[in-house]
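A.B. asks: Before we start, here is the structure in question, set down as structure tokens.
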Amino acid sequence: MAVAFVFPGQGSQDVGMGRELAAAFPAAREVFDEVDAALGQKLSQIMWDGPKELLTLTENAQPALMAVSMAVIRVLEREKGFRLADKVSFVAGHSLGEYSALAAAGAFSLTDAARLLKLRGRSMQEAVPVGQGAMSALLGVGLEVARKIAAAAAQGDVCEVANDNEPTQVVLSGAKSAIDRVPEAGKAFGLRRAVPLPVSAPFHCALMKPAAEAMARALAEVDVKRPIVPVVANVVASPIDDPADIRRRLVEQVTGTVRWRECVEAMGAAGITTFYEIGSGKVLSGLVKRILKEAAASPVGTPADIDLIWPALNG
């Protein structure tokens with residue numbers, strides 16, 4: 001069984017996430033306590049009790065999702081004796097999930113990952129005034145058609161591919177004026193439907209340049225180690241392990257396309273047949289199954305999930 005661990009991105013957060021892990025495992029409680037201390041806030045209380053609007057804020061959702069992912073990793077390591085390098089060939093994460101993947105593979109400390117994601121979330125939120133940017137999911141079209149729709153809708157404004165999620169789901173990001181033109185522009189290219197996304201900023205497009213600059217400064221100050229397993233990076237859809245390259249790709253990722261479909265295809269081409277989605281939700285498990293029809297993909301975010309997958313993972 002060739003295994004990859006994948007780590008969810010924004011949108012997978014939900015009130016209550018991580019609570020069962022903290023109740024069941026001291027190792028998980030330690031992760032949430034460490035993240036709270038690193039940020040100087042009771043993020044765990046927001047995660048478990050809400051309100052949802054506060055958890056959904058980008059600067060809270062990003063470190064919160066990483067915390068749940070790392071709680072699962074710590075439980076596997078400390079409670080089960082699991083060693084990532086022995087069982088897992090690749091790690092990868094969707095957008096902010098790339099930080100979770102890097103922390104799981106030892107490239108970042110938990111404290112540094114939490115602080116970087118807090119800054120990343122705040123910087124991305126502040127890069128564009130509220131109401132001036134937007135994102136839209138295109139259903140039923142692939143990357144090449146999505147690029148044509150983006151070009152047709154732009155009309156001088158920013159309109160770019162933010163996420164290539166799976167063969168029939170691509171997300172566009174940019175100025176609200178351009179995103180508003182997407183449904184009409186898409187008609188000429190066979191677009192079935194464009195779904196506006198409930199996001200507070202236009203992520204992964206050129207409008208995020210101020211956030212990329214902030215992350216470049218922050219990452220320059222952080223100790224980045226060589227990961228113990230290769231990390232398949234969003235912006236190149238191939239494995240990286242050099243610390244300088246990791247910093248560079250994380251900066252590029254803020255404005256660049258999340259090439260998730262290609263990341264999963266690359267892992268499949270390298271022989272991966274089993275994917276475990278480590279953390280909150282099951283969005284990536286669904287995407288993996290639509291990208292690689294023969295692959296197995298399972299979410300691992302609760303004590304019951306860990307019990308369910310452990311015999312296979314320990315085989």
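Within each chain, counting starts at residue 1; across the structure tokens, chains are named A, B, ... in the order shown, with ligands numbered 1 upward in that order.
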Quick one: everything within 8 Å of segment 256-263 of chain A, counting only C-alpha atoms, minus sequence neighbours fewer than 2 positions away in the same chain. Send it as a PyMOL selection string.
C.D. replies: chain A and resi 92+94-95+161-167+204-206+232-238+252-254+265-267+291
A.B. asks: For the selection just defined, write its residues with C-alpha atoms to a file, as a PDB file, in the first residue's frame.
C.D. replies:
ATOM      1  CA  ALA A  92       0.511  17.606   0.337  1.00  0.00           C
ATOM      2  CA  HIS A  94      -4.605  22.382  -0.270  1.00  0.00           C
ATOM      3  CA  SER A  95      -3.601  26.048   0.060  1.00  0.00           C
ATOM      4  CA  VAL A 161      -7.565  30.626 -12.001  1.00  0.00           C
ATOM      5  CA  ALA A 162      -7.204  30.265  -8.234  1.00  0.00           C
ATOM      6  CA  ASN A 163      -7.833  26.524  -7.797  1.00  0.00           C
ATOM      7  CA  ASP A 164      -7.697  23.650 -10.267  1.00  0.00           C
ATOM      8  CA  ASN A 165      -9.465  21.260  -7.905  1.00  0.00           C
ATOM      9  CA  GLU A 166     -10.518  18.340 -10.115  1.00  0.00           C
ATOM     10  CA  PRO A 167     -11.276  17.720 -13.812  1.00  0.00           C
ATOM     11  CA  HIS A 204      -4.758  33.029  -5.057  1.00  0.00           C
ATOM     12  CA  CYS A 205      -4.717  35.831  -7.602  1.00  0.00           C
ATOM     13  CA  ALA A 206      -2.588  38.903  -8.345  1.00  0.00           C
ATOM     14  CA  VAL A 232       4.099  18.048  -3.200  1.00  0.00           C
ATOM     15  CA  ALA A 233       3.833  21.821  -3.584  1.00  0.00           C
ATOM     16  CA  ASN A 234       0.685  23.539  -4.836  1.00  0.00           C
ATOM     17  CA  VAL A 235       2.326  25.875  -7.334  1.00  0.00           C
ATOM     18  CA  VAL A 236       4.600  23.346  -9.057  1.00  0.00           C
ATOM     19  CA  ALA A 237       2.597  20.119  -8.530  1.00  0.00           C
ATOM     20  CA  SER A 238       5.813  18.240  -7.792  1.00  0.00           C
ATOM     21  CA  GLU A 252       4.340  32.138  -4.810  1.00  0.00           C
ATOM     22  CA  GLN A 253       1.342  30.192  -3.535  1.00  0.00           C
ATOM     23  CA  VAL A 254      -0.348  33.315  -2.124  1.00  0.00           C
ATOM     24  CA  GLU A 265      -2.154  13.107 -10.435  1.00  0.00           C
ATOM     25  CA  ALA A 266       1.579  13.405  -9.720  1.00  0.00           C
ATOM     26  CA  MET A 267       1.237  11.320  -6.571  1.00  0.00           C
ATOM     27  CA  ILE A 291      -9.190  12.751  -9.929  1.00  0.00           C
TER      28      ILE A 291
END
A.B. asks: Find the residues near segment 113-120 of chain A: any atom within 7 Å, counting only C-alpha atoms, skip ones fewer than 6 places away on the same chain, and give them as a list in words.
C.D. replies: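 Listing them by chain and then by number gives Val35, Ala38, Leu39, Glu59, Asn60, Gln62, Pro63, Tyr99, Ala103, Ala211 and Met215 of chain A.
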A.B. asks: With a distance cut-off of 9 Å and only C-alpha atoms, select the neighbouring residues of Met208 of chain A, excluding the residue or stretch itself and same-chain residues fewer than 2 positions from it, and output the selection as a PyMOL selection string.
C.D. replies: chain A and resi 123-125+127-128+201-206+210-213+254-255
A.B. asks: Pick out each residue of segment 70-123 of chain A that DSSP on the backbone tags as helix (DSSP H, G or I); I need them as a PyMOL selection string.
C.D. replies: chain A and resi 70-80+84-87+97-104+110-123
A.B. asks: Any chance you could export the current selection's N, CA and C atoms as an mmCIF file, in the first residue's frame?
C.D. replies:
data_model
loop_
_atom_site.group_PDB
_atom_site.id
_atom_site.type_symbol
_atom_site.label_atom_id
_atom_site.label_comp_id
_atom_site.auth_asym_id
_atom_site.auth_seq_id
_atom_site.Cartn_x
_atom_site.Cartn_y
_atom_site.Cartn_z
ATOM 1 N N MET A 70 -2.617 18.724 12.888
ATOM 2 C CA MET A 70 -1.451 18.354 13.681
ATOM 3 C C MET A 70 -1.840 17.560 14.925
ATOM 4 N N ALA A 71 -3.044 17.789 15.446
ATOM 5 C CA ALA A 71 -3.510 16.979 16.569
ATOM 6 C C ALA A 71 -3.631 15.517 16.147
ATOM 7 N N VAL A 72 -4.162 15.271 14.946
ATOM 8 C CA VAL A 72 -4.255 13.897 14.441
ATOM 9 C C VAL A 72 -2.861 13.295 14.305
ATOM 10 N N ILE A 73 -1.933 14.057 13.717
ATOM 11 C CA ILE A 73 -0.562 13.566 13.531
ATOM 12 C C ILE A 73 0.069 13.215 14.883
ATOM 13 N N ARG A 74 -0.077 14.089 15.871
ATOM 14 C CA ARG A 74 0.525 13.839 17.187
ATOM 15 C C ARG A 74 -0.100 12.622 17.863
ATOM 16 N N VAL A 75 -1.400 12.438 17.693
ATOM 17 C CA VAL A 75 -2.052 11.256 18.263
ATOM 18 C C VAL A 75 -1.485 9.992 17.629
ATOM 19 N N LEU A 76 -1.365 9.996 16.306
ATOM 20 C CA LEU A 76 -0.800 8.831 15.625
ATOM 21 C C LEU A 76 0.620 8.552 16.111
ATOM 22 N N GLU A 77 1.405 9.615 16.266
ATOM 23 C CA GLU A 77 2.807 9.437 16.650
ATOM 24 C C GLU A 77 2.942 8.991 18.104
ATOM 25 N N ARG A 78 2.257 9.672 19.011
ATOM 26 C CA ARG A 78 2.487 9.448 20.442
ATOM 27 C C ARG A 78 1.615 8.342 21.027
ATOM 28 N N GLU A 79 0.402 8.237 20.538
ATOM 29 C CA GLU A 79 -0.501 7.223 21.092
ATOM 30 C C GLU A 79 -0.364 5.884 20.365
ATOM 31 N N LYS A 80 0.045 5.935 19.091
ATOM 32 C CA LYS A 80 0.093 4.718 18.283
ATOM 33 C C LYS A 80 1.506 4.297 17.893
ATOM 34 N N LEU A 84 5.932 8.810 10.461
ATOM 35 C CA LEU A 84 5.532 9.292 9.138
ATOM 36 C C LEU A 84 6.462 8.790 8.040
ATOM 37 N N ALA A 85 7.754 8.897 8.278
ATOM 38 C CA ALA A 85 8.726 8.540 7.242
ATOM 39 C C ALA A 85 8.712 7.055 6.903
ATOM 40 N N ASP A 86 8.222 6.225 7.812
ATOM 41 C CA ASP A 86 8.192 4.781 7.572
ATOM 42 C C ASP A 86 7.003 4.355 6.718
ATOM 43 N N LYS A 87 5.910 5.110 6.767
ATOM 44 C CA LYS A 87 4.653 4.655 6.177
ATOM 45 C C LYS A 87 4.123 5.531 5.045
ATOM 46 N N GLY A 97 -3.336 24.208 3.749
ATOM 47 C CA GLY A 97 -2.980 22.841 4.120
ATOM 48 C C GLY A 97 -1.543 22.487 3.814
ATOM 49 N N GLU A 98 -0.915 23.236 2.921
ATOM 50 C CA GLU A 98 0.496 22.997 2.642
ATOM 51 C C GLU A 98 1.343 23.290 3.882
ATOM 52 N N TYR A 99 0.944 24.270 4.688
ATOM 53 C CA TYR A 99 1.646 24.536 5.950
ATOM 54 C C TYR A 99 1.451 23.372 6.917
ATOM 55 N N SER A 100 0.244 22.818 6.957
ATOM 56 C CA SER A 100 -0.013 21.644 7.802
ATOM 57 C C SER A 100 0.865 20.475 7.366
ATOM 58 N N ALA A 101 0.957 20.275 6.049
ATOM 59 C CA ALA A 101 1.787 19.191 5.518
ATOM 60 C C ALA A 101 3.248 19.390 5.908
ATOM 61 N N LEU A 102 3.716 20.606 5.795
ATOM 62 C CA LEU A 102 5.111 20.908 6.137
ATOM 63 C C LEU A 102 5.368 20.723 7.628
ATOM 64 N N ALA A 103 4.404 21.130 8.461
ATOM 65 C CA ALA A 103 4.567 20.936 9.904
ATOM 66 C C ALA A 103 4.564 19.445 10.247
ATOM 67 N N ALA A 104 3.675 18.690 9.605
ATOM 68 C CA ALA A 104 3.624 17.248 9.849
ATOM 69 C C ALA A 104 4.943 16.575 9.479
ATOM 70 N N LEU A 110 5.376 23.576 15.283
ATOM 71 C CA LEU A 110 3.945 23.842 15.434
ATOM 72 C C LEU A 110 3.709 25.324 15.726
ATOM 73 N N THR A 111 4.516 25.891 16.590
ATOM 74 C CA THR A 111 4.370 27.311 16.939
ATOM 75 C C THR A 111 4.570 28.203 15.726
ATOM 76 N N ASP A 112 5.608 27.931 14.944
ATOM 77 C CA ASP A 112 5.860 28.751 13.755
ATOM 78 C C ASP A 112 4.740 28.601 12.733
ATOM 79 N N ALA A 113 4.245 27.383 12.546
ATOM 80 C CA ALA A 113 3.154 27.166 11.591
ATOM 81 C C ALA A 113 1.918 27.958 12.005
ATOM 82 N N ALA A 114 1.589 27.941 13.298
ATOM 83 C CA ALA A 114 0.416 28.674 13.779
ATOM 84 C C ALA A 114 0.576 30.171 13.553
ATOM 85 N N ARG A 115 1.738 30.714 13.892
ATOM 86 C CA ARG A 115 1.959 32.157 13.738
ATOM 87 C C ARG A 115 1.988 32.569 12.271
ATOM 88 N N LEU A 116 2.593 31.739 11.437
ATOM 89 C CA LEU A 116 2.624 32.053 10.008
ATOM 90 C C LEU A 116 1.210 32.064 9.423
ATOM 91 N N LEU A 117 0.390 31.111 9.816
ATOM 92 C CA LEU A 117 -0.959 31.044 9.264
ATOM 93 C C LEU A 117 -1.843 32.155 9.801
ATOM 94 N N LYS A 118 -1.643 32.573 11.035
ATOM 95 C CA LYS A 118 -2.378 33.722 11.560
ATOM 96 C C LYS A 118 -2.052 34.953 10.721
ATOM 97 N N LEU A 119 -0.760 35.159 10.469
ATOM 98 C CA LEU A 119 -0.332 36.291 9.643
ATOM 99 C C LEU A 119 -0.835 36.150 8.215
ATOM 100 N N ARG A 120 -0.749 34.957 7.674
ATOM 101 C CA ARG A 120 -1.200 34.714 6.299
ATOM 102 C C ARG A 120 -2.682 35.053 6.157
ATOM 103 N N GLY A 121 -3.477 34.564 7.100
ATOM 104 C CA GLY A 121 -4.900 34.844 7.048
ATOM 105 C C GLY A 121 -5.211 36.318 7.152
ATOM 106 N N ARG A 122 -4.562 36.986 8.095
ATOM 107 C CA ARG A 122 -4.806 38.422 8.280
ATOM 108 C C ARG A 122 -4.333 39.207 7.063
ATOM 109 N N SER A 123 -3.166 38.852 6.524
ATOM 110 C CA SER A 123 -2.610 39.585 5.378
ATOM 111 C C SER A 123 -3.475 39.401 4.134
#
A.B. asks: With a distance cut-off of 9 Å and only C-alpha atoms, select the neighbouring residues of Asp180 of chain A, excluding the residue or stretch itself and same-chain residues fewer than 6 positions from it, and output the selection as a compact mmCIF listing (two decimals) with N, CA and C atoms, in the first residue's frame.
C.D. replies:
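The file below, selection_9.txt, is the result:
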# COMPACT_ATOMS: atom_id res chain seq x y z
N ALA A 134 -13.74 38.84 -5.29
CA ALA A 134 -14.70 37.73 -5.21
C ALA A 134 -14.08 36.48 -5.80
N SER A 136 -15.38 32.47 -7.63
CA SER A 136 -16.50 31.72 -8.18
C SER A 136 -16.02 30.35 -8.64
N ALA A 153 -13.87 37.26 -19.17
CA ALA A 153 -14.55 38.03 -18.13
C ALA A 153 -13.71 39.18 -17.59
N PRO A 196 -20.93 31.51 -6.90
CA PRO A 196 -20.17 32.46 -6.08
C PRO A 196 -19.80 31.81 -4.74
A.B. asks: Pick out the residues sitting within 9 Å of segment 43-46 of chain A, and hand them over as a list in words; count only C-alpha atoms, and ignore anything fewer than 2 positions along from it in its own chain.
C.D. replies: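 With the cut-off at 9 Å, the set is Val15, Gly16, Gly18, Arg19, Phe32, Asp33, Val35, Asp36, Leu39, Gly40, Gln41, Trp48, Asp49, Gly50, Pro51, Lys52, Leu54, Leu55, Asn60, Pro63, Ala64 and Ala67 of chain A.
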A.B. asks: So that I have them on file, write out the residues from the current selection with N, CA and C atoms, as a PDB file, in the first residue's frame.
C.D. replies:
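The new file again-v7.pdb reads:
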ATOM      1  N   VAL A  15     -17.551  24.332  13.535  1.00  0.00           N
ATOM      2  CA  VAL A  15     -17.567  24.434  14.995  1.00  0.00           C
ATOM      3  C   VAL A  15     -17.632  23.032  15.597  1.00  0.00           C
ATOM      4  N   GLY A  16     -16.768  22.793  16.577  1.00  0.00           N
ATOM      5  CA  GLY A  16     -16.669  21.484  17.221  1.00  0.00           C
ATOM      6  C   GLY A  16     -15.484  20.677  16.753  1.00  0.00           C
ATOM      7  N   GLY A  18     -12.083  19.023  16.316  1.00  0.00           N
ATOM      8  CA  GLY A  18     -10.987  18.777  17.237  1.00  0.00           C
ATOM      9  C   GLY A  18     -11.395  18.494  18.668  1.00  0.00           C
ATOM     10  N   ARG A  19     -12.668  18.759  19.029  1.00  0.00           N
ATOM     11  CA  ARG A  19     -13.086  18.598  20.422  1.00  0.00           C
ATOM     12  C   ARG A  19     -12.973  17.143  20.881  1.00  0.00           C
ATOM     13  N   PHE A  32      -3.456  21.729  20.870  1.00  0.00           N
ATOM     14  CA  PHE A  32      -4.350  22.888  20.955  1.00  0.00           C
ATOM     15  C   PHE A  32      -3.844  23.902  21.971  1.00  0.00           C
ATOM     16  N   ASP A  33      -3.279  23.427  23.083  1.00  0.00           N
ATOM     17  CA  ASP A  33      -2.715  24.342  24.082  1.00  0.00           C
ATOM     18  C   ASP A  33      -1.528  25.101  23.507  1.00  0.00           C
ATOM     19  N   VAL A  35      -0.899  25.805  20.324  1.00  0.00           N
ATOM     20  CA  VAL A  35      -1.358  26.780  19.332  1.00  0.00           C
ATOM     21  C   VAL A  35      -1.968  27.994  20.026  1.00  0.00           C
ATOM     22  N   ASP A  36      -2.783  27.754  21.058  1.00  0.00           N
ATOM     23  CA  ASP A  36      -3.352  28.870  21.823  1.00  0.00           C
ATOM     24  C   ASP A  36      -2.249  29.760  22.383  1.00  0.00           C
ATOM     25  N   LEU A  39      -0.410  31.874  19.689  1.00  0.00           N
ATOM     26  CA  LEU A  39      -1.192  32.987  19.132  1.00  0.00           C
ATOM     27  C   LEU A  39      -1.642  33.978  20.194  1.00  0.00           C
ATOM     28  N   GLY A  40      -1.520  33.603  21.471  1.00  0.00           N
ATOM     29  CA  GLY A  40      -1.987  34.488  22.528  1.00  0.00           C
ATOM     30  C   GLY A  40      -3.489  34.668  22.518  1.00  0.00           C
ATOM     31  N   GLN A  41      -4.227  33.627  22.099  1.00  0.00           N
ATOM     32  CA  GLN A  41      -5.685  33.670  22.095  1.00  0.00           C
ATOM     33  C   GLN A  41      -6.211  32.258  22.334  1.00  0.00           C
ATOM     34  N   TRP A  48     -14.205  25.002  19.251  1.00  0.00           N
ATOM     35  CA  TRP A  48     -15.127  24.044  19.856  1.00  0.00           C
ATOM     36  C   TRP A  48     -16.507  24.638  20.121  1.00  0.00           C
ATOM     37  N   ASP A  49     -16.555  25.944  20.428  1.00  0.00           N
ATOM     38  CA  ASP A  49     -17.818  26.554  20.854  1.00  0.00           C
ATOM     39  C   ASP A  49     -18.333  27.638  19.913  1.00  0.00           C
ATOM     40  N   GLY A  50     -17.526  28.042  18.931  1.00  0.00           N
ATOM     41  CA  GLY A  50     -17.941  29.098  18.026  1.00  0.00           C
ATOM     42  C   GLY A  50     -17.816  30.476  18.661  1.00  0.00           C
ATOM     43  N   PRO A  51     -18.519  31.479  18.137  1.00  0.00           N
ATOM     44  CA  PRO A  51     -19.515  31.345  17.064  1.00  0.00           C
ATOM     45  C   PRO A  51     -18.871  31.045  15.706  1.00  0.00           C
ATOM     46  N   LYS A  52     -19.656  30.480  14.815  1.00  0.00           N
ATOM     47  CA  LYS A  52     -19.147  30.082  13.511  1.00  0.00           C
ATOM     48  C   LYS A  52     -18.550  31.255  12.750  1.00  0.00           C
ATOM     49  N   LEU A  54     -16.941  33.751  13.842  1.00  0.00           N
ATOM     50  CA  LEU A  54     -15.598  34.050  14.338  1.00  0.00           C
ATOM     51  C   LEU A  54     -14.604  32.994  13.876  1.00  0.00           C
ATOM     52  N   LEU A  55     -15.017  31.731  13.882  1.00  0.00           N
ATOM     53  CA  LEU A  55     -14.144  30.660  13.390  1.00  0.00           C
ATOM     54  C   LEU A  55     -13.862  30.822  11.905  1.00  0.00           C
ATOM     55  N   ASN A  60      -8.498  33.162  11.721  1.00  0.00           N
ATOM     56  CA  ASN A  60      -8.755  32.098  12.695  1.00  0.00           C
ATOM     57  C   ASN A  60      -8.866  30.731  12.031  1.00  0.00           C
ATOM     58  N   PRO A  63      -5.110  28.909  11.044  1.00  0.00           N
ATOM     59  CA  PRO A  63      -4.384  28.166  12.091  1.00  0.00           C
ATOM     60  C   PRO A  63      -5.240  27.090  12.754  1.00  0.00           C
ATOM     61  N   ALA A  64      -6.561  27.275  12.796  1.00  0.00           N
ATOM     62  CA  ALA A  64      -7.429  26.273  13.421  1.00  0.00           C
ATOM     63  C   ALA A  64      -7.405  24.966  12.644  1.00  0.00           C
ATOM     64  N   ALA A  67      -4.220  23.208  13.255  1.00  0.00           N
ATOM     65  CA  ALA A  67      -4.164  22.635  14.600  1.00  0.00           C
ATOM     66  C   ALA A  67      -4.845  21.269  14.649  1.00  0.00           C
TER      67      ALA A  67
END
A.B. asks: Using only C-alpha atoms, which of the listed residues (A:Ala214, A:Leu138, A:Val199, A:Val6) sits closest to Pro183 of chain A?
C.D. replies: A:Leu138
A.B. asks: Would you kindly return, as a VMD selection string, each protein, DNA or RNA residue with an atom no farther than 12 Å from any atom of Arg147 of chain A, considering only C-alpha atoms and excluding same-chain residues fewer than 4 positions away?
C.D. replies: chain A and resid 138 141 to 143 151 to 154 159 to 164 170 to 173 182 185 to 186 189 191 257
A.B. asks: Rank nothing, just name the residue among A:Asp241, A:Ala105, A:Glu126, A:Leu287 nearest to Arg83 of chain A, using only C-alpha atoms.
C.D. replies: A:Ala105
A.B. asks: Considering only strand (DSSP E) as DSSP defines it on the backbone, what residues of segment 98-217 of chain A qualify? List them as a PyMOL selection string.
C.D. replies: chain A and resi 133-139+159-166+169-175+193-196
A.B. asks: Just the number, please: distance in Å from atom CA of Gly279 of chain A to atom CA of Gly11 of chain A, one decimal.
C.D. replies: 12.2 Å
A.B. asks: Work out how far apart atom CA of Leu139 of chain A and atom CA of Gly271 of chain A are and give it in Å to one decimal.
C.D. replies: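 Between atom CA of Leu139 of chain A and atom CA of Gly271 of chain A the gap works out to 28.7 Å.
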A.B. asks: Env of Phe90 of chain A: 7 Å cut, atoms = only C-alpha atoms, seq-sep filter 3 positions within chain, self excluded. Answer as a list in words.
C.D. replies: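 Contacts, with the query itself left out: Ala4, Phe5, Val229, Pro230, Val231 and Val232 of chain A.
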